[in-house]
Amino acid sequence: TNAIDWNAVRADFPLLAREVNGKPLVYLDSANTSQKPAAVIETVDDFFRRHNANVSRAVHTLGSEATEAYEGARRTLAAFLGVRSDELVLCSGTTFAINLVAYSWALPRLKPGDAILLSRMEHHANIVPWQLVAQRTGATIKVAELHQDGTLDLDALHAAMTPEVKLLGITHVSNVLGTINPIAAICREARKRGIVTVVDGSQAAPHMPLDIPSLGCDFYAITGHKMCGPTGTGALWARREHLEAMPPFLGGGEMIKEVRFDGTVFNDPPHRFEAGTPNIAGHIGLGAAVDFLSSLGMQDIAAREHALLTHATEQLLKIDGLRIIGTAPEKAAVISFLVDGAHAHDLATLLDLEGVAVRSGHHCAHPLMQFYGVPATCRASFAFYNTHDEVDAFVAALRKVRRLLG
Ligand code: PMP
C-alpha cells in the first residue's frame with residue numbers, strides 16, 4: 001500500500017480533526033458508523049443547494065437532474081458490488097433490506113414445519129425479522145453454533161441444513177468478532193439443498209472487494225452509513241427471479257404502474273420495492289462514498305486495515321488481564337475485548353475522557369454475548385483512515401484507564 005498517502009486520505013475526513021475532552025479524537029467505532037469524507041458531505045450539500053427536486057415525477061430540469069443523479073448512484077453502487085442495477089433495491093439500510101426479504105419473500109412462502117437457519121453470530125437485524133416471520137407462519141428457528149475462537153462450526157452448519165430448512169440467514173463479517181465467514185462455500189452447500197441464502201453484508205462491503213455473484217447467494221444486504229455514506233441509505237441485492245416473484249412490502253407512490261380502486265398494477269423491480277419519496281440526497285451521497293472507496297481500491301483498504309488490526313492485536317495482548325473475544329484467522333479490523341475486573345462501560349467511559357471512542361455493550365448481538373457468557377464487551381473497530389499512532393494512543397489510554405481502575 002506504499003502508493004497511497006494514508007495521512008492525506010485521513011485529511012479528507014473533516015471530523016477526524018476535532019478534539020474530544022481536550023484530546024485529539026481517536027475514532028475507533030467505525031463498525032458502528034463510519035466517518036464521512038468531504039466528497040460525500042459536499043455532494044449532499046451540492047444536491048440541496050443546486051439540484052433538489054423529487055425523483056421520477058417531474059419533467060422539469062431539476063426533476064430530471066435529481067432522477068439522473070439518483071439512478072446514477074444506483075448504477076455506481078451496482079458496479080461496486082458487481083451486480084446489475086435493476087437487481088438493486090435502494091433502501092434505508094440493512095435492517096430494511098432484511099425485513100423486505102422477511103416480509104416479501106419469506107412470509108408468503110413459509111409454513112408450519114419449515115425452518116429458518118441462523119448463525120449464533122448474527123446481529124439482531126438478522127434475527128428478529130425472522131422471529132417475527134416464524135411467529136406468523138409457524139416456522140421454527142434453528143441456530144448454527146460457533147467454535148470458541150469465533151469461527152462458525154461449518155460441520156454443524158452443514159449438518160443443520162436439513163430438509164425442513166428453507167432459508168439461511170448468515171452474516172458475511174461479524175460486527176462483534178470480526179470473523180469473515182466463507183460465504184461462497186456456505187452458499188454452495190445451501191444451494192445444493194435448495195436453501196435460499198440471505199447474507200448480511202453490513203460489515204463486509206466497507207472493508208473488502210466484493211463481487212456478489214461470485215458468492216452464490218440469493219439476497220445480499222448492505223448499509224451505506226458504514227461505508228462512508230450518509231445514514232438512512234443502503235441496498236438489497238436479489239436475483240432478478242426472486243424480485244419478480246416478490247409482492248411489494250410497502251405500498252404508495254413510485255411503486256405502481258397504474259392505480260384503480262378495483263386493482264393496482266405494480267411497477268417492475270426494483271421500483272416496486274421503493275414506495276414513496278426515497279432518501280435522494282443520501283443515496284447520491286452514497287454514490288460519492290462508493291466513488292471515494294473505489295478511488296482508493298478495496299484491496300488496498302483491506303490491506304491497510306489488516307495492518308492496523310495486526311498492530312493493535314499485538315499491542316493489546318501485551319496488556320495483563322486483557323482478553324480478546326474473537327480470534328478467527330480470517331478477521332476484519334474489529335477487536336472485542338474484556339479487561340479483568342473492569343466493566344466494559346466503565347472502560348469506554350474512561351477511554352472517552354482520553355479522546356478515544358470505542359463502543360461498549362452487547363453490539364446488538366445478545367445471543368453471541370450469551371455464548372461467551374458476558375453481558376457486554378468493549379469493541380475497537382478500525383477503518384483505513386485510522387493510523388498506527390492512533391492505535392498506540394488507544395493502547396496507552398487503555399493502560400492509563402486500567403491503572404485508574406486499580
Ligand atoms: N448487521 C450488522 C452485522 C451490523 O453491524 C449492523 C449495524 N450495526 C446491522 C446489521 C444493521 O444495520 P443498519 O442499522 O444500518 O440497518
# chains A, B, ... in the order shown; residues from 1 in each chain; ligands from 1
>>> residues_near_ligand(ligand="ligand 1", cutoff="9 Å", atoms="only C-alpha atoms and all ligand atoms", output="ChimeraX atom specification")
/A:31-33,92-98,121-126,171-176,200-204,221-226,231-234,363-365
>>> atom_distance(atom1="CA of Ile127 in chain A", atom2="CA of Ala115 in chain A")
13.1 Å
>>> select_by_dssp(residues="range 72-136 of chain A", states="alpha helix (DSSP H)", output="NGL selection string")
:A and (72-81 or 94-100 or 128-136)
>>> select_by_dssp(residues="range 94-213 of chain A", states="strand (DSSP E or B)", output="ChimeraX atom specification")
/A:115-119,140-144,146,152,165-171,173,179-180,196-200
>>> write_last_selection(atoms="N, CA and C atoms", output="PDB file, in the first residue's frame")
ATOM      1  N   ALA A 115     -38.232 -24.465   8.560  1.00  0.00           N
ATOM      2  CA  ALA A 115     -37.278 -23.875   9.500  1.00  0.00           C
ATOM      3  C   ALA A 115     -36.422 -22.813   8.816  1.00  0.00           C
ATOM      4  N   ILE A 116     -36.004 -21.863   9.636  1.00  0.00           N
ATOM      5  CA  ILE A 116     -35.081 -20.799   9.213  1.00  0.00           C
ATOM      6  C   ILE A 116     -33.796 -21.044   9.993  1.00  0.00           C
ATOM      7  N   LEU A 117     -32.688 -21.131   9.293  1.00  0.00           N
ATOM      8  CA  LEU A 117     -31.402 -21.407   9.941  1.00  0.00           C
ATOM      9  C   LEU A 117     -30.607 -20.105  10.061  1.00  0.00           C
ATOM     10  N   LEU A 118     -30.141 -19.824  11.265  1.00  0.00           N
ATOM     11  CA  LEU A 118     -29.343 -18.619  11.528  1.00  0.00           C
ATOM     12  C   LEU A 118     -28.060 -19.020  12.242  1.00  0.00           C
ATOM     13  N   SER A 119     -27.056 -18.162  12.171  1.00  0.00           N
ATOM     14  CA  SER A 119     -25.848 -18.475  12.942  1.00  0.00           C
ATOM     15  C   SER A 119     -25.908 -17.751  14.279  1.00  0.00           C
ATOM     16  N   THR A 140     -39.996 -22.565  12.393  1.00  0.00           N
ATOM     17  CA  THR A 140     -39.144 -22.501  13.586  1.00  0.00           C
ATOM     18  C   THR A 140     -37.768 -21.954  13.204  1.00  0.00           C
ATOM     19  N   ILE A 141     -37.013 -21.537  14.248  1.00  0.00           N
ATOM     20  CA  ILE A 141     -35.660 -21.014  14.047  1.00  0.00           C
ATOM     21  C   ILE A 141     -34.662 -22.062  14.527  1.00  0.00           C
ATOM     22  N   LYS A 142     -33.659 -22.340  13.695  1.00  0.00           N
ATOM     23  CA  LYS A 142     -32.564 -23.218  14.112  1.00  0.00           C
ATOM     24  C   LYS A 142     -31.293 -22.387  14.190  1.00  0.00           C
ATOM     25  N   VAL A 143     -30.390 -22.776  15.085  1.00  0.00           N
ATOM     26  CA  VAL A 143     -29.174 -21.993  15.279  1.00  0.00           C
ATOM     27  C   VAL A 143     -27.938 -22.830  14.975  1.00  0.00           C
ATOM     28  N   ALA A 144     -27.043 -22.284  14.185  1.00  0.00           N
ATOM     29  CA  ALA A 144     -25.755 -22.932  13.929  1.00  0.00           C
ATOM     30  C   ALA A 144     -24.729 -22.330  14.886  1.00  0.00           C
ATOM     31  N   LEU A 146     -20.939 -21.906  17.118  1.00  0.00           N
ATOM     32  CA  LEU A 146     -19.588 -21.434  16.804  1.00  0.00           C
ATOM     33  C   LEU A 146     -18.545 -22.244  17.552  1.00  0.00           C
ATOM     34  N   LEU A 152     -17.353 -20.054  12.627  1.00  0.00           N
ATOM     35  CA  LEU A 152     -18.516 -20.934  12.526  1.00  0.00           C
ATOM     36  C   LEU A 152     -18.074 -22.384  12.591  1.00  0.00           C
ATOM     37  N   VAL A 165     -35.314 -26.934   6.414  1.00  0.00           N
ATOM     38  CA  VAL A 165     -34.730 -25.585   6.354  1.00  0.00           C
ATOM     39  C   VAL A 165     -34.965 -24.990   4.960  1.00  0.00           C
ATOM     40  N   LYS A 166     -35.633 -23.830   4.925  1.00  0.00           N
ATOM     41  CA  LYS A 166     -35.956 -23.183   3.650  1.00  0.00           C
ATOM     42  C   LYS A 166     -35.076 -21.970   3.399  1.00  0.00           C
ATOM     43  N   LEU A 167     -34.516 -21.421   4.499  1.00  0.00           N
ATOM     44  CA  LEU A 167     -33.772 -20.172   4.355  1.00  0.00           C
ATOM     45  C   LEU A 167     -32.623 -20.155   5.358  1.00  0.00           C
ATOM     46  N   LEU A 168     -31.483 -19.647   4.908  1.00  0.00           N
ATOM     47  CA  LEU A 168     -30.331 -19.449   5.796  1.00  0.00           C
ATOM     48  C   LEU A 168     -30.025 -17.960   5.861  1.00  0.00           C
ATOM     49  N   GLY A 169     -30.004 -17.411   7.095  1.00  0.00           N
ATOM     50  CA  GLY A 169     -29.587 -16.020   7.293  1.00  0.00           C
ATOM     51  C   GLY A 169     -28.202 -16.027   7.910  1.00  0.00           C
ATOM     52  N   ILE A 170     -27.253 -15.406   7.216  1.00  0.00           N
ATOM     53  CA  ILE A 170     -25.854 -15.515   7.676  1.00  0.00           C
ATOM     54  C   ILE A 170     -25.124 -14.197   7.426  1.00  0.00           C
ATOM     55  N   THR A 171     -24.313 -13.795   8.401  1.00  0.00           N
ATOM     56  CA  THR A 171     -23.550 -12.571   8.192  1.00  0.00           C
ATOM     57  C   THR A 171     -22.257 -12.873   7.448  1.00  0.00           C
ATOM     58  N   VAL A 173     -19.526 -10.811   7.631  1.00  0.00           N
ATOM     59  CA  VAL A 173     -18.494 -10.476   8.623  1.00  0.00           C
ATOM     60  C   VAL A 173     -19.198 -10.139   9.934  1.00  0.00           C
ATOM     61  N   THR A 179     -14.988 -11.937  12.579  1.00  0.00           N
ATOM     62  CA  THR A 179     -14.865 -13.160  11.778  1.00  0.00           C
ATOM     63  C   THR A 179     -15.382 -12.941  10.353  1.00  0.00           C
ATOM     64  N   ILE A 180     -14.568 -13.333   9.372  1.00  0.00           N
ATOM     65  CA  ILE A 180     -15.019 -13.317   7.973  1.00  0.00           C
ATOM     66  C   ILE A 180     -15.478 -14.729   7.645  1.00  0.00           C
ATOM     67  N   VAL A 196     -32.527 -21.130   0.407  1.00  0.00           N
ATOM     68  CA  VAL A 196     -32.302 -19.759  -0.047  1.00  0.00           C
ATOM     69  C   VAL A 196     -31.418 -19.038   0.978  1.00  0.00           C
ATOM     70  N   THR A 197     -30.427 -18.257   0.489  1.00  0.00           N
ATOM     71  CA  THR A 197     -29.468 -17.620   1.401  1.00  0.00           C
ATOM     72  C   THR A 197     -29.626 -16.101   1.426  1.00  0.00           C
ATOM     73  N   VAL A 198     -29.649 -15.566   2.654  1.00  0.00           N
ATOM     74  CA  VAL A 198     -29.740 -14.123   2.876  1.00  0.00           C
ATOM     75  C   VAL A 198     -28.466 -13.716   3.610  1.00  0.00           C
ATOM     76  N   VAL A 199     -27.610 -12.948   2.947  1.00  0.00           N
ATOM     77  CA  VAL A 199     -26.324 -12.593   3.542  1.00  0.00           C
ATOM     78  C   VAL A 199     -26.358 -11.145   4.022  1.00  0.00           C
ATOM     79  N   ASP A 200     -25.958 -10.958   5.282  1.00  0.00           N
ATOM     80  CA  ASP A 200     -25.851  -9.625   5.866  1.00  0.00           C
ATOM     81  C   ASP A 200     -24.448  -9.106   5.568  1.00  0.00           C
TER      82      ASP A 200
END
>>> atom_distance(atom1="CA of Ile335 in chain A", atom2="CA of Met369 in chain A")
14.5 Å
>>> residues_around(residues="Leu15 in chain A", least_positions_apart="2", cutoff="9 Å", atoms="only C-alpha atoms", output="PyMOL selection string")
chain A and resi 13+17-18+25+35-37
>>> write_last_selection(atoms="N, CA and C atoms", output="mmCIF file, in the first residue's frame")
data_model
loop_
_atom_site.group_PDB
_atom_site.id
_atom_site.type_symbol
_atom_site.label_atom_id
_atom_site.label_comp_id
_atom_site.auth_asym_id
_atom_site.auth_seq_id
_atom_site.Cartn_x
_atom_site.Cartn_y
_atom_site.Cartn_z
ATOM 1 N N PHE A 13 -11.245 13.665 5.828
ATOM 2 C CA PHE A 13 -12.365 13.475 6.763
ATOM 3 C C PHE A 13 -12.357 14.604 7.787
ATOM 4 N N ALA A 17 -10.425 15.753 12.515
ATOM 5 C CA ALA A 17 -9.518 16.793 13.015
ATOM 6 C C ALA A 17 -9.955 17.328 14.375
ATOM 7 N N ARG A 18 -11.121 16.930 14.851
ATOM 8 C CA ARG A 18 -11.598 17.563 16.075
ATOM 9 C C ARG A 18 -10.989 16.951 17.332
ATOM 10 N N LEU A 25 -9.174 13.480 18.866
ATOM 11 C CA LEU A 25 -10.095 12.339 18.739
ATOM 12 C C LEU A 25 -9.384 11.128 18.146
ATOM 13 N N GLN A 35 -16.977 7.497 9.552
ATOM 14 C CA GLN A 35 -16.950 8.937 9.296
ATOM 15 C C GLN A 35 -17.067 9.185 7.785
ATOM 16 N N LYS A 36 -17.335 10.458 7.438
ATOM 17 C CA LYS A 36 -17.641 10.785 6.034
ATOM 18 C C LYS A 36 -16.567 11.698 5.441
ATOM 19 N N PRO A 37 -16.072 11.369 4.251
ATOM 20 C CA PRO A 37 -15.102 12.249 3.603
ATOM 21 C C PRO A 37 -15.775 13.508 3.050
#
>>> residues_around(residues="Thr43 in chain A", least_positions_apart="5", cutoff="12 Å", atoms="only C-alpha atoms", output="VMD selection string")
chain A and resid 36 to 38 48 to 52 69 to 70 73 229 to 230 280 to 289 291 to 292
>>> write_last_selection(atoms="N, CA and C atoms", output="PDB file, in the first residue's frame")
ATOM      1  N   LYS A  36     -17.335  10.458   7.438  1.00  0.00           N
ATOM      2  CA  LYS A  36     -17.641  10.785   6.034  1.00  0.00           C
ATOM      3  C   LYS A  36     -16.567  11.698   5.441  1.00  0.00           C
ATOM      4  N   PRO A  37     -16.072  11.369   4.251  1.00  0.00           N
ATOM      5  CA  PRO A  37     -15.102  12.249   3.603  1.00  0.00           C
ATOM      6  C   PRO A  37     -15.775  13.508   3.050  1.00  0.00           C
ATOM      7  N   ALA A  38     -14.972  14.535   2.845  1.00  0.00           N
ATOM      8  CA  ALA A  38     -15.500  15.812   2.344  1.00  0.00           C
ATOM      9  C   ALA A  38     -16.280  15.608   1.050  1.00  0.00           C
ATOM     10  N   PHE A  48     -28.629  19.690  -2.337  1.00  0.00           N
ATOM     11  CA  PHE A  48     -29.649  20.576  -1.768  1.00  0.00           C
ATOM     12  C   PHE A  48     -29.511  22.017  -2.255  1.00  0.00           C
ATOM     13  N   ARG A  49     -28.274  22.459  -2.518  1.00  0.00           N
ATOM     14  CA  ARG A  49     -28.080  23.831  -2.978  1.00  0.00           C
ATOM     15  C   ARG A  49     -28.480  24.021  -4.439  1.00  0.00           C
ATOM     16  N   ARG A  50     -28.261  22.997  -5.279  1.00  0.00           N
ATOM     17  CA  ARG A  50     -28.360  23.240  -6.723  1.00  0.00           C
ATOM     18  C   ARG A  50     -29.314  22.339  -7.490  1.00  0.00           C
ATOM     19  N   HIS A  51     -29.645  21.158  -6.941  1.00  0.00           N
ATOM     20  CA  HIS A  51     -30.401  20.211  -7.770  1.00  0.00           C
ATOM     21  C   HIS A  51     -31.672  19.694  -7.128  1.00  0.00           C
ATOM     22  N   ASN A  52     -31.965  20.119  -5.905  1.00  0.00           N
ATOM     23  CA  ASN A  52     -33.024  19.463  -5.135  1.00  0.00           C
ATOM     24  C   ASN A  52     -34.373  19.453  -5.860  1.00  0.00           C
ATOM     25  N   ALA A  69     -29.248  11.760 -11.130  1.00  0.00           N
ATOM     26  CA  ALA A  69     -28.229  11.587 -10.082  1.00  0.00           C
ATOM     27  C   ALA A  69     -28.567  10.389  -9.197  1.00  0.00           C
ATOM     28  N   TYR A  70     -29.848  10.252  -8.875  1.00  0.00           N
ATOM     29  CA  TYR A  70     -30.271   9.132  -8.014  1.00  0.00           C
ATOM     30  C   TYR A  70     -30.056   7.790  -8.724  1.00  0.00           C
ATOM     31  N   ALA A  73     -26.449   6.973  -8.942  1.00  0.00           N
ATOM     32  CA  ALA A  73     -25.915   6.395  -7.700  1.00  0.00           C
ATOM     33  C   ALA A  73     -26.226   4.908  -7.646  1.00  0.00           C
ATOM     34  N   GLY A 229     -20.929   6.546   3.588  1.00  0.00           N
ATOM     35  CA  GLY A 229     -22.100   7.235   3.059  1.00  0.00           C
ATOM     36  C   GLY A 229     -22.978   7.768   4.193  1.00  0.00           C
ATOM     37  N   PRO A 230     -24.026   8.516   3.829  1.00  0.00           N
ATOM     38  CA  PRO A 230     -24.945   9.059   4.818  1.00  0.00           C
ATOM     39  C   PRO A 230     -25.778   7.974   5.513  1.00  0.00           C
ATOM     40  N   ILE A 280     -33.156  10.653  -1.357  1.00  0.00           N
ATOM     41  CA  ILE A 280     -32.495  11.008  -2.623  1.00  0.00           C
ATOM     42  C   ILE A 280     -31.082  11.528  -2.370  1.00  0.00           C
ATOM     43  N   ALA A 281     -30.993  12.561  -1.542  1.00  0.00           N
ATOM     44  CA  ALA A 281     -29.675  13.160  -1.276  1.00  0.00           C
ATOM     45  C   ALA A 281     -28.740  12.128  -0.656  1.00  0.00           C
ATOM     46  N   GLY A 282     -29.294  11.310   0.245  1.00  0.00           N
ATOM     47  CA  GLY A 282     -28.473  10.305   0.925  1.00  0.00           C
ATOM     48  C   GLY A 282     -27.866   9.320  -0.049  1.00  0.00           C
ATOM     49  N   HIS A 283     -28.689   8.830  -0.975  1.00  0.00           N
ATOM     50  CA  HIS A 283     -28.154   7.840  -1.913  1.00  0.00           C
ATOM     51  C   HIS A 283     -27.187   8.462  -2.922  1.00  0.00           C
ATOM     52  N   ILE A 284     -27.421   9.710  -3.283  1.00  0.00           N
ATOM     53  CA  ILE A 284     -26.452  10.391  -4.152  1.00  0.00           C
ATOM     54  C   ILE A 284     -25.133  10.534  -3.382  1.00  0.00           C
ATOM     55  N   GLY A 285     -25.252  10.819  -2.075  1.00  0.00           N
ATOM     56  CA  GLY A 285     -24.057  10.859  -1.221  1.00  0.00           C
ATOM     57  C   GLY A 285     -23.382   9.494  -1.138  1.00  0.00           C
ATOM     58  N   LEU A 286     -24.191   8.445  -1.098  1.00  0.00           N
ATOM     59  CA  LEU A 286     -23.616   7.089  -1.054  1.00  0.00           C
ATOM     60  C   LEU A 286     -22.853   6.791  -2.351  1.00  0.00           C
ATOM     61  N   GLY A 287     -23.413   7.276  -3.455  1.00  0.00           N
ATOM     62  CA  GLY A 287     -22.693   7.117  -4.729  1.00  0.00           C
ATOM     63  C   GLY A 287     -21.313   7.775  -4.657  1.00  0.00           C
ATOM     64  N   ALA A 288     -21.252   8.962  -4.047  1.00  0.00           N
ATOM     65  CA  ALA A 288     -19.958   9.658  -3.892  1.00  0.00           C
ATOM     66  C   ALA A 288     -19.044   8.868  -2.963  1.00  0.00           C
ATOM     67  N   ALA A 289     -19.630   8.244  -1.924  1.00  0.00           N
ATOM     68  CA  ALA A 289     -18.824   7.444  -0.995  1.00  0.00           C
ATOM     69  C   ALA A 289     -18.210   6.250  -1.713  1.00  0.00           C
ATOM     70  N   ASP A 291     -17.591   6.043  -4.919  1.00  0.00           N
ATOM     71  CA  ASP A 291     -16.521   6.554  -5.797  1.00  0.00           C
ATOM     72  C   ASP A 291     -15.240   6.784  -4.988  1.00  0.00           C
ATOM     73  N   PHE A 292     -15.419   7.310  -3.777  1.00  0.00           N
ATOM     74  CA  PHE A 292     -14.262   7.572  -2.907  1.00  0.00           C
ATOM     75  C   PHE A 292     -13.551   6.262  -2.563  1.00  0.00           C
TER      76      PHE A 292
END
>>> residues_around(residues="Ala102 in chain A", least_positions_apart="4", cutoff="8 Å", atoms="only C-alpha atoms", output="PyMOL selection string")
chain A and resi 98+106-107+129-130+133
>>> residues_around(residues="Ser104 in chain A", least_positions_apart="3", cutoff="10 Å", atoms="only C-alpha atoms", output="PyMOL selection string")
chain A and resi 98-101+107-109+242-243+245-250+273
>>> write_last_selection(atoms="C-alpha atoms", output="mmCIF file, in the first residue's frame")
data_model
loop_
_atom_site.group_PDB
_atom_site.id
_atom_site.type_symbol
_atom_site.label_atom_id
_atom_site.label_comp_id
_atom_site.auth_asym_id
_atom_site.auth_seq_id
_atom_site.Cartn_x
_atom_site.Cartn_y
_atom_site.Cartn_z
ATOM 1 C CA ILE A 98 -33.600 -7.916 5.627
ATOM 2 C CA ASN A 99 -37.151 -7.011 6.656
ATOM 3 C CA LEU A 100 -38.016 -6.689 2.967
ATOM 4 C CA VAL A 101 -36.871 -10.268 2.370
ATOM 5 C CA LEU A 107 -43.864 -14.540 4.865
ATOM 6 C CA PRO A 108 -45.895 -15.753 1.850
ATOM 7 C CA ARG A 109 -43.815 -18.935 1.484
ATOM 8 C CA HIS A 242 -36.746 -13.507 -6.689
ATOM 9 C CA LEU A 243 -37.561 -9.824 -7.150
ATOM 10 C CA ALA A 245 -41.770 -13.165 -7.740
ATOM 11 C CA MET A 246 -41.985 -10.988 -4.632
ATOM 12 C CA PRO A 247 -45.047 -8.924 -3.756
ATOM 13 C CA PRO A 248 -44.448 -5.343 -2.594
ATOM 14 C CA PHE A 249 -43.533 -4.751 1.050
ATOM 15 C CA LEU A 250 -44.749 -1.141 1.371
ATOM 16 C CA PHE A 273 -39.949 -2.044 -3.548
#
>>> closest_residue(among="A:Ile4, A:Val356, A:Ala396, A:Ala79", to="Phe384 in chain A", atoms="only C-alpha atoms")
A:Ile4
>>> closest_residue(among="A:Leu236, A:Leu110, A:Val358, A:Ala184", to="Leu81 in chain A", atoms="only C-alpha atoms")
A:Leu236
>>> residues_around(residues="Val334 in chain A", least_positions_apart="5", cutoff="7 Å", atoms="only C-alpha atoms", output="ChimeraX atom specification")
/A:176-178,379-382
>>> write_last_selection(atoms="C-alpha atoms", output="short mmCIF file (atom, residue, chain, number, x, y, z; two decimals), in the first residue's frame")
data_model
loop_
_atom_site.label_atom_id
_atom_site.label_comp_id
_atom_site.auth_asym_id
_atom_site.auth_seq_id
_atom_site.Cartn_x
_atom_site.Cartn_y
_atom_site.Cartn_z
CA VAL A 176 -18.50 -8.19 17.20
CA LEU A 177 -15.87 -10.83 16.44
CA GLY A 178 -14.64 -9.58 13.09
CA ARG A 379 -15.09 -3.04 20.85
CA ALA A 380 -12.46 -1.12 18.95
CA SER A 381 -13.14 -1.11 15.22
CA PHE A 382 -10.74 0.35 12.70
#
